[in-house]
>>> print(open('input_25.cif').read())   # mmCIF, C-alpha atoms
data_entry
loop_
_atom_site.label_atom_id
_atom_site.label_comp_id
_atom_site.auth_asym_id
_atom_site.auth_seq_id
_atom_site.Cartn_x
_atom_site.Cartn_y
_atom_site.Cartn_z
CA MET N 1 15.68 9.31 18.09
CA ALA N 2 13.36 11.49 16.03
CA LYS N 3 11.34 9.75 13.34
CA GLY N 4 11.90 10.80 9.74
CA LEU N 5 9.10 11.51 7.28
CA LEU N 6 11.06 10.20 4.29
CA VAL N 7 11.79 6.87 6.01
CA THR N 8 8.12 6.60 6.93
CA TYR N 9 7.03 7.09 3.31
CA VAL N 10 9.55 4.48 2.11
CA LEU N 11 8.30 1.92 4.64
CA TRP N 12 4.71 2.83 3.73
CA ALA N 13 5.47 2.12 0.06
CA ILE N 14 7.32 -1.19 0.46
CA GLY N 15 5.49 -2.70 3.42
CA GLY N 16 2.50 -0.51 4.13
CA PRO N 17 -0.19 -3.25 4.05
CA ALA N 18 1.89 -5.19 6.60
CA GLY N 19 2.16 -2.15 8.89
CA LEU N 20 5.94 -1.60 8.67
CA HIS N 21 5.64 2.19 8.85
CA HIS N 22 3.45 1.94 11.95
CA LEU N 23 5.96 -0.39 13.56
CA TYR N 24 8.69 2.19 12.84
CA LEU N 25 6.60 4.96 14.43
CA GLY N 26 5.84 2.90 17.53
CA ARG N 27 2.15 2.46 16.65
CA ASP N 28 2.05 -1.27 17.41
CA SER N 29 -1.75 -1.56 17.61
CA HIS N 30 -2.07 0.08 14.21
CA ALA N 31 0.64 -2.22 12.83
CA LEU N 32 -1.20 -5.31 14.10
CA LEU N 33 -4.47 -4.06 12.65
CA TRP N 34 -2.83 -3.64 9.24
CA MET N 35 -1.18 -7.08 9.49
CA LEU N 36 -4.53 -8.76 10.15
CA THR N 37 -6.49 -6.83 7.52
CA LEU N 38 -3.73 -6.23 4.92
CA GLY N 39 -3.88 -2.51 5.34
CA GLY N 40 -7.62 -2.30 5.75
CA GLY N 41 -8.19 -4.11 2.48
CA GLY N 42 -5.75 -1.75 0.79
CA LEU N 43 -8.11 1.21 1.16
CA GLY N 44 -6.81 2.23 4.58
CA TRP N 45 -3.23 1.94 3.36
CA LEU N 46 -3.88 4.30 0.42
CA TRP N 47 -5.85 6.73 2.55
CA GLU N 48 -2.89 7.00 4.96
CA PHE N 49 -0.72 8.66 2.31
CA TRP N 50 -2.06 12.05 3.42
CA LYS N 51 -1.94 11.21 7.14
CA LEU N 52 1.71 10.18 7.44
CA PRO N 53 3.04 13.69 8.30
CA SER N 54 0.65 13.90 11.26
CA PHE N 55 1.61 10.36 12.35
CA VAL N 56 5.32 11.30 12.32
CA ALA N 57 4.66 14.50 14.26
CA GLN N 58 2.58 12.59 16.80
CA ALA N 59 5.33 9.98 17.24
CA ASN N 60 8.02 12.62 17.78
CA ARG N 61 5.77 14.54 20.16
CA ALA N 62 5.12 11.35 22.15
CA GLN N 63 8.86 10.71 22.50
CA GLY N 64 9.29 14.08 24.15
CA GLN N 65 6.36 13.57 26.52
CA ARG N 66 6.96 10.01 27.79
CA GLN N 67 6.93 11.11 31.40
CA SER N 68 3.58 12.93 31.25
CA SER N 69 0.15 11.65 30.28
CA ARG N 70 -2.50 13.62 28.46
CA VAL N 71 -5.64 14.32 30.44
CA GLY N 72 -9.21 14.69 29.30
CA THR N 73 -11.28 12.74 26.80
CA PRO N 74 -10.28 12.37 23.14
CA PRO N 75 -12.71 13.87 20.62
CA LEU N 76 -15.36 11.58 19.18
CA SER N 77 -14.34 10.18 15.78
CA PRO N 78 -17.09 8.81 13.49
CA ILE N 79 -14.41 7.14 11.34
CA ARG N 80 -12.95 5.30 14.32
CA PHE N 81 -16.43 4.28 15.47
CA ALA N 82 -17.35 2.90 12.02
CA THR N 83 -14.01 1.09 11.78
CA GLN N 84 -14.56 -0.49 15.19
CA ILE N 85 -17.88 -1.94 13.99
CA ILE N 86 -16.38 -3.23 10.72
CA VAL N 87 -13.32 -4.80 12.35
CA GLY N 88 -15.50 -6.31 15.08
CA ILE N 89 -17.64 -7.94 12.38
CA TYR N 90 -14.48 -9.11 10.58
CA PHE N 91 -13.05 -10.71 13.73
CA GLY N 92 -16.43 -12.33 14.39
CA LEU N 93 -16.61 -13.85 10.90
CA VAL N 94 -13.09 -15.24 11.24
CA ALA N 95 -14.05 -16.74 14.61
CA LEU N 96 -17.18 -18.29 13.09
CA ILE N 97 -15.11 -19.95 10.40
CA SER N 98 -12.31 -21.25 12.63
CA LEU N 99 -13.72 -21.65 16.17
CA SER N 100 -17.42 -22.50 15.79
CA PHE N 101 -16.74 -26.12 16.83
CA MET N 102 -16.34 -24.91 20.43
CA ALA N 103 -19.15 -26.07 22.70
CA SER N 104 -19.64 -22.60 24.22
CA PHE N 105 -18.70 -20.63 21.11
CA TYR N 106 -21.69 -18.23 21.06
CA ILE N 107 -21.28 -17.51 24.79
CA VAL N 108 -17.49 -17.20 25.01
CA GLY N 109 -15.69 -17.41 21.67
CA LEU N 110 -17.79 -15.06 19.53
CA PRO N 111 -18.15 -12.11 21.95
CA LEU N 112 -14.46 -12.40 22.87
CA ALA N 113 -13.38 -12.26 19.22
CA VAL N 114 -15.67 -9.35 18.34
CA GLY N 115 -14.72 -7.44 21.49
CA LEU N 116 -11.00 -7.85 20.82
CA GLY N 117 -11.48 -6.55 17.27
CA VAL N 118 -13.24 -3.47 18.60
CA LEU N 119 -10.57 -2.91 21.25
CA LEU N 120 -7.79 -3.23 18.68
CA VAL N 121 -9.21 -0.30 16.71
CA ALA N 122 -9.83 1.63 19.94
CA ALA N 123 -6.11 1.30 20.78
CA VAL N 124 -4.88 2.77 17.49
CA GLY N 125 -2.77 5.91 17.88
CA ASN N 126 -2.64 7.69 21.22
CA GLN N 127 -6.08 6.50 22.33
CA THR N 128 -7.44 3.40 24.04
CA SER N 129 -10.58 2.28 25.84
CA ASP N 130 -11.66 0.36 28.91
CA PHE N 131 -10.98 -3.36 28.42
CA LYS N 132 -13.45 -4.71 30.98
CA ASN N 133 -16.39 -2.55 29.98
CA THR N 134 -16.05 -3.22 26.26
CA LEU N 135 -15.75 -6.99 26.65
CA GLY N 136 -18.45 -6.99 29.32
CA VAL N 137 -20.96 -5.39 26.94
CA ALA N 138 -20.01 -7.89 24.23
CA PHE N 139 -20.58 -10.85 26.57
CA LEU N 140 -23.92 -9.44 27.79
CA THR N 141 -25.17 -8.89 24.23
CA SER N 142 -24.21 -12.34 22.93
CA PRO N 143 -26.89 -14.48 24.71
CA ILE N 144 -29.69 -12.34 23.24
CA PHE N 145 -28.82 -13.61 19.74
CA TYR N 146 -27.54 -17.03 20.78
CA GLY N 147 -26.87 -19.49 17.97
CA ARG N 148 -27.32 -17.03 15.09
CA PRO N 149 -24.43 -15.77 12.93
CA ILE N 150 -26.13 -12.37 12.69
CA ALA N 151 -25.23 -11.94 16.38
CA ILE N 152 -21.92 -10.56 15.15
CA LEU N 153 -23.53 -7.27 14.11
CA PRO N 154 -25.29 -6.28 17.37
CA ILE N 155 -22.34 -7.48 19.47
CA SER N 156 -19.95 -5.34 17.44
CA LEU N 157 -22.28 -2.34 17.56
CA ALA N 158 -22.78 -2.57 21.34
CA ALA N 159 -19.06 -3.10 22.01
CA SER N 160 -18.16 -0.14 19.77
CA ILE N 161 -20.58 2.14 21.60
CA SER N 162 -19.08 1.07 24.92
CA ALA N 163 -15.52 1.58 23.61
CA GLN N 164 -16.40 5.11 22.45
CA LYS N 165 -18.09 5.91 25.74
CA HIS N 166 -14.99 4.91 27.74
CA ARG N 167 -12.36 6.27 25.34
CA ARG N 168 -9.31 7.91 26.88
CA TYR N 169 -5.71 8.78 26.11
CA LYS N 170 -3.06 6.14 26.65
CA SER N 171 -1.01 6.42 29.81
CA SER N 172 2.71 6.99 29.45
CA VAL N 173 4.90 3.89 29.49
CA GLY N 174 8.61 3.34 29.17
CA SER N 175 10.10 2.51 25.81
CA GLU N 176 10.39 -1.20 24.91
CA THR N 177 12.99 -2.94 22.78
CA LEU N 178 12.08 -3.88 19.23
CA SER N 179 12.47 -7.59 19.98
CA VAL N 180 9.87 -7.45 22.76
CA ARG N 181 7.44 -5.57 20.53
CA LEU N 182 7.94 -8.02 17.65
CA TYR N 183 7.48 -10.97 20.00
CA ARG N 184 4.18 -9.58 21.25
CA LEU N 185 2.95 -8.80 17.75
CA GLY N 186 3.97 -12.26 16.56
CA LEU N 187 1.99 -13.97 19.30
CA ALA N 188 -1.09 -11.87 18.52
CA TYR N 189 -0.76 -12.61 14.80
CA LEU N 190 -0.45 -16.36 15.39
CA ALA N 191 -3.42 -16.35 17.77
CA PHE N 192 -5.54 -14.80 15.00
CA THR N 193 -4.30 -16.76 11.97
CA GLY N 194 -3.48 -20.13 13.59
CA PRO N 195 -7.04 -21.50 14.00
CA LEU N 196 -8.06 -20.09 10.62
CA ALA N 197 -5.10 -21.71 8.85
CA TYR N 198 -5.79 -25.03 10.55
CA SER N 199 -9.43 -25.00 9.42
CA ALA N 200 -8.54 -23.98 5.87
CA LEU N 201 -5.72 -26.53 5.42
CA CYS N 202 -6.98 -29.52 7.39
CA ASN N 203 -10.70 -29.28 6.65
CA THR N 204 -10.91 -27.32 3.41
CA ALA N 205 -14.25 -28.58 2.16
CA ALA N 206 -16.10 -28.02 5.42
CA THR N 207 -14.48 -24.60 5.87
CA LEU N 208 -15.47 -23.40 2.39
CA SER N 209 -19.01 -24.69 2.86
CA PHE N 210 -19.32 -22.96 6.22
CA VAL N 211 -17.93 -19.72 4.80
CA ALA N 212 -20.56 -19.78 2.05
CA GLU N 213 -23.39 -20.52 4.49
CA THR N 214 -22.22 -17.88 6.97
CA LEU N 215 -21.95 -15.19 4.30
CA GLY N 216 -25.36 -16.18 2.96
CA SER N 217 -26.98 -15.85 6.39
CA PHE N 218 -25.16 -12.59 6.99
CA LEU N 219 -26.25 -11.05 3.67
CA ASN N 220 -29.86 -12.18 4.12
CA TRP N 221 -30.16 -9.76 7.03
CA PHE N 222 -29.39 -6.85 4.69
CA ASN N 223 -32.46 -7.56 2.54
CA PHE N 224 -34.18 -4.82 4.55
CA PHE N 225 -31.40 -2.35 3.63
CA PRO N 226 -30.77 -2.71 -0.14
CA LEU N 227 -28.05 -0.04 -0.42
CA LEU N 228 -26.16 -1.34 2.62
CA GLY N 229 -26.53 -4.91 1.38
CA ARG N 230 -25.11 -3.93 -2.01
CA LEU N 231 -22.14 -2.30 -0.29
CA MET N 232 -21.52 -5.41 1.83
CA GLU N 233 -21.68 -7.59 -1.29
CA SER N 234 -19.06 -5.43 -2.96
CA VAL N 235 -16.76 -5.70 0.07
CA LEU N 236 -17.20 -9.47 0.42
CA LEU N 237 -16.71 -10.11 -3.30
CA LEU N 238 -13.60 -7.93 -3.52
CA PRO N 239 -11.03 -10.72 -2.78
CA TYR N 240 -12.80 -13.05 -5.24
CA ARG N 241 -12.85 -10.36 -7.93
CA VAL N 242 -9.15 -9.65 -7.44
CA TRP N 243 -8.38 -13.35 -7.77
CA ARG N 244 -10.47 -13.61 -10.95
CA LEU N 245 -8.73 -10.57 -12.35
CA LEU N 246 -5.28 -12.03 -11.64
CA VAL N 247 -6.07 -15.37 -13.29
CA GLY N 248 -7.55 -13.58 -16.30
CA ASP N 249 -11.09 -14.91 -16.13
CA PRO N 250 -13.04 -13.60 -19.17
CA GLY N 251 -16.25 -13.55 -17.14
CA PHE N 252 -14.89 -11.06 -14.65
CA GLY N 253 -17.27 -8.22 -13.81
CA SER N 254 -20.34 -9.96 -15.23
CA GLY N 255 -22.61 -8.97 -12.37
CA TYR N 256 -23.40 -9.96 -8.79
CA PHE N 257 -25.54 -12.98 -9.63
CA GLN N 258 -22.98 -14.51 -11.98
CA GLU N 259 -20.15 -13.93 -9.50
CA TRP N 260 -22.00 -15.53 -6.60
CA GLU N 261 -22.96 -18.41 -8.90
CA LYS N 262 -19.32 -19.04 -9.82
CA LEU N 263 -18.28 -18.84 -6.19
CA TYR N 264 -21.10 -21.22 -5.23
CA GLU N 265 -20.02 -23.71 -7.91
CA PHE N 266 -16.45 -23.47 -6.63
CA VAL N 267 -17.57 -24.35 -3.10
CA SER N 268 -19.91 -27.08 -4.37
CA SER N 269 -17.05 -28.79 -6.17
CA PHE N 270 -15.35 -29.30 -2.80
CA GLN N 271 -18.59 -30.64 -1.36
CA ASP N 272 -18.91 -33.14 -4.21
CA GLU N 273 -15.37 -34.34 -3.56
CA LYS N 274 -16.13 -34.69 0.13
CA ARG N 275 -19.21 -36.85 -0.57
CA GLN N 276 -17.17 -39.10 -2.87
CA LEU N 277 -14.65 -39.63 -0.09
CA ALA N 278 -17.51 -40.44 2.31
CA TYR N 279 -18.79 -43.16 -0.03
CA GLN N 280 -15.26 -44.59 -0.22
CA VAL N 281 -14.93 -44.67 3.57
CA LEU N 282 -18.18 -46.65 3.86
CA GLY N 283 -17.25 -48.85 0.90
CA LEU N 284 -20.39 -47.96 -1.08
CA LEU N 285 -21.05 -46.93 -4.64
CA GLU N 286 -22.08 -43.34 -5.24
CA GLY N 287 -25.86 -43.01 -5.19
CA ALA N 288 -26.47 -45.68 -2.54
CA THR N 289 -29.86 -45.51 -0.81
CA ASN N 290 -30.33 -44.30 2.75
CA GLU N 291 -31.06 -47.86 3.89
CA GLU N 292 -27.81 -49.12 2.38
CA ILE N 293 -25.87 -46.26 3.99
CA HIS N 294 -27.43 -46.94 7.40
CA GLN N 295 -26.86 -50.69 7.19
CA ARG N 296 -23.24 -50.32 6.11
CA TYR N 297 -22.66 -47.77 8.88
CA ARG N 298 -23.92 -50.20 11.54
CA GLU N 299 -21.71 -52.97 10.18
CA LEU N 300 -18.55 -50.86 10.16
CA VAL N 301 -19.23 -49.41 13.62
CA LYS N 302 -19.37 -52.91 15.08
CA ILE N 303 -16.11 -53.81 13.34
CA TRP N 304 -14.12 -50.70 14.24
CA HIS N 305 -15.51 -49.74 17.64
CA PRO N 306 -12.51 -49.03 19.94
CA ASP N 307 -13.95 -51.31 22.65
CA HIS N 308 -13.73 -54.23 20.23
CA ASN N 309 -10.17 -53.42 19.10
CA ARG N 310 -8.15 -52.92 22.25
CA HIS N 311 -5.05 -54.35 20.56
CA GLN N 312 -5.11 -51.51 17.98
CA THR N 313 -6.91 -48.72 19.78
CA GLU N 314 -5.47 -45.77 17.85
CA GLU N 315 -6.19 -47.22 14.41
CA ALA N 316 -9.66 -48.31 15.46
CA GLN N 317 -10.47 -44.87 16.86
CA ARG N 318 -9.29 -43.20 13.62
CA HIS N 319 -11.47 -45.49 11.48
CA PHE N 320 -14.39 -45.09 13.87
CA LEU N 321 -14.28 -41.28 13.64
CA GLU N 322 -13.96 -41.41 9.84
CA ILE N 323 -16.99 -43.72 9.61
CA GLN N 324 -19.06 -41.44 11.84
CA ALA N 325 -18.10 -38.33 9.83
CA ALA N 326 -18.91 -40.06 6.53
CA TYR N 327 -22.27 -41.28 7.81
CA GLU N 328 -23.24 -37.83 9.13
CA LEU N 329 -22.36 -36.23 5.79
CA LEU N 330 -24.29 -38.77 3.65
CA SER N 331 -27.27 -38.65 6.01
CA GLN N 332 -27.80 -34.97 5.31
CA PRO N 333 -30.06 -34.12 2.37
CA ARG N 334 -28.04 -32.87 -0.56
CA LYS N 335 -28.60 -29.18 -1.29
CA PRO N 336 -29.70 -28.28 -4.82
CA ARG N 337 -27.34 -26.29 -7.01
CA GLY N 338 -29.89 -23.64 -7.74
CA PHE N 339 -30.24 -20.36 -5.84
#
>>> encode(input="input_25.cif", output="structure tokens")
Amino acid sequence: MAKGLLVTYVLWAIGGPAGLHHLYLGRDSHALLWMLTLGGGGLGWLWEFWKLPSFVAQANRAQGQRQSSRVGTPPLSPIRFATQIIVGIYFGLVALISLSFMASFYIVGLPLAVGLGVLLVAAVGNQTSDFKNTLGVAFLTSPIFYGRPIAILPISLAASISAQKHRRYKSSVGSETLSVRLYRLGLAYLAFTGPLAYSALCNTAATLSFVAETLGSFLNWFNFFPLLGRLMESVLLLPYRVWRLLVGDPGFGSGYFQEWEKLYEFVSSFQDEKRQLAYQVLGLLEGATNEEIHQRYRELVKIWHPDHNRHQTEEAQRHFLEIQAAYELLSQPRKPRGF
């Protein structure tokens, strides 16, 4: 059935940031990209207004050519290349926030996340790229910057170059039912959002603190490129500015320093609450000395060690882990509130 331009515009208007119009046109990779980025932060969704006629024509043309594949190499697109880098960085930041607890994160988790982000953009429309080569370059680049959050940038750049080098047209495949396509998109969406939601809901304080530290380390690299750093600040602050605008904060738009200060105070409030809970777990008053913390820790470990509580192993293990987490938090020097 031929795709209609009017229907496409209606779907773009009511569900564009969620990729409904791309799902209607059979552009599943583009639909997933929009689902995970909310229409490219809204900017990509608005920019598509002028591209929808070409998308509809391409979808109708593809329906009539399902039995034949296009040959040759697609033209080089600077916009696609830049988007691959940005989405690769975005996927890497999400992985840092939600999967950094993995023992081999910087060897396996980070390059895999960045490479998949690059490949997702490479598969938009009628193009794709070589899966093995793109991920291979990402995995080879990762050890060079092992243990540093800034590794996201060179991994994404190298993977994007490889994806552009091996770009090609998609091979023809038979049509799939809508239920199969939705099932596949749903699994991909859950794989992306599941770990992030778990970190945000079950360990909110640590997640917010890690987000702040990761963004700080990431922005420090741009000190050598002031204009690019300013642009990255604007992009990273955009969700926070929108939230402030919606809640009617009178201090909205007061400058970069003031905005980062408010965001820092917001994160610090969660850290303060976390330290209070740690004192409660150890049964100490707030402001206890390091000697008191260490002594109390040793006492509680002896009481709640699982080997000493075989009749209540699960409860003992839960208390033991809570005591260890509280001790590790209170043993760290408290960071000053200043910048």
>>> atom_distance(input="input_25.cif", atom1="CA of Leu153 (chain N)", atom2="CA of Ala95 (chain N)")
13.4 Å
>>> closest_residue(input="input_25.cif", among="N:Pro53, N:Gly125, N:Pro111, N:Pro74", to="Ala151 (chain N)", atoms="all atoms listed in the file")
N:Pro111
>>> resolve_selection(input="input_25.cif", expression="the PyMOL selection byres ((chain N and resi 290) around 12)", output="PyMOL selection string")
chain N and resi 279+284+286-289+291-297+327-333
>>> atom_distance(input="input_25.cif", atom1="CA of Phe192 (chain N)", atom2="CA of Ser98 (chain N)")
9.6 Å
>>> atom_distance(input="input_25.cif", atom1="CA of Leu282 (chain N)", atom2="CA of Arg310 (chain N)")
21.9 Å
>>> residues_around(input="input_25.cif", residues="Lys132 (chain N)", least_positions_apart="5", cutoff="12 Å", atoms="all atoms listed in the file", output="MDAnalysis selection string")
chainID N and resid 112 115:116 119 137:140 159 162:163 166
>>> residues_around(input="input_25.cif", residues="region 302-305 of chain N", least_positions_apart="3", cutoff="9 Å", atoms="only C-alpha atoms", output="MDAnalysis selection string")
chainID N and resid 297:299 308:309 313 315:320 323
>>> resolve_selection(input="input_25.cif", expression="the PyMOL selection byres ((chain N and resi 11) around 12)", output="ChimeraX atom specification")
/N:4-10,12-25,31,45,49,52
>>> closest_residue(input="input_25.cif", among="N:Leu38, N:Leu33, N:Ile97, N:Val301", to="Ser199 (chain N)", atoms="only C-alpha atoms")
N:Ile97
>>> closest_residue(input="input_25.cif", among="N:Leu32, N:Val121, N:Glu48, N:Leu201", to="Leu182 (chain N)", atoms="only C-alpha atoms")
N:Leu32
>>> closest_residue(input="input_25.cif", among="N:Gly117, N:Lys51, N:Lys170, N:Val56", to="Ala188 (chain N)", atoms="only C-alpha atoms")
N:Gly117
>>> closest_residue(input="input_25.cif", among="N:Leu93, N:Ala122, N:Ala197, N:Val180", to="Ile79 (chain N)", atoms="only C-alpha atoms")
N:Ala122
>>> closest_residue(input="input_25.cif", among="N:Val124, N:Leu285, N:Met35, N:Ile144", to="Arg80 (chain N)", atoms="all atoms listed in the file")
N:Val124
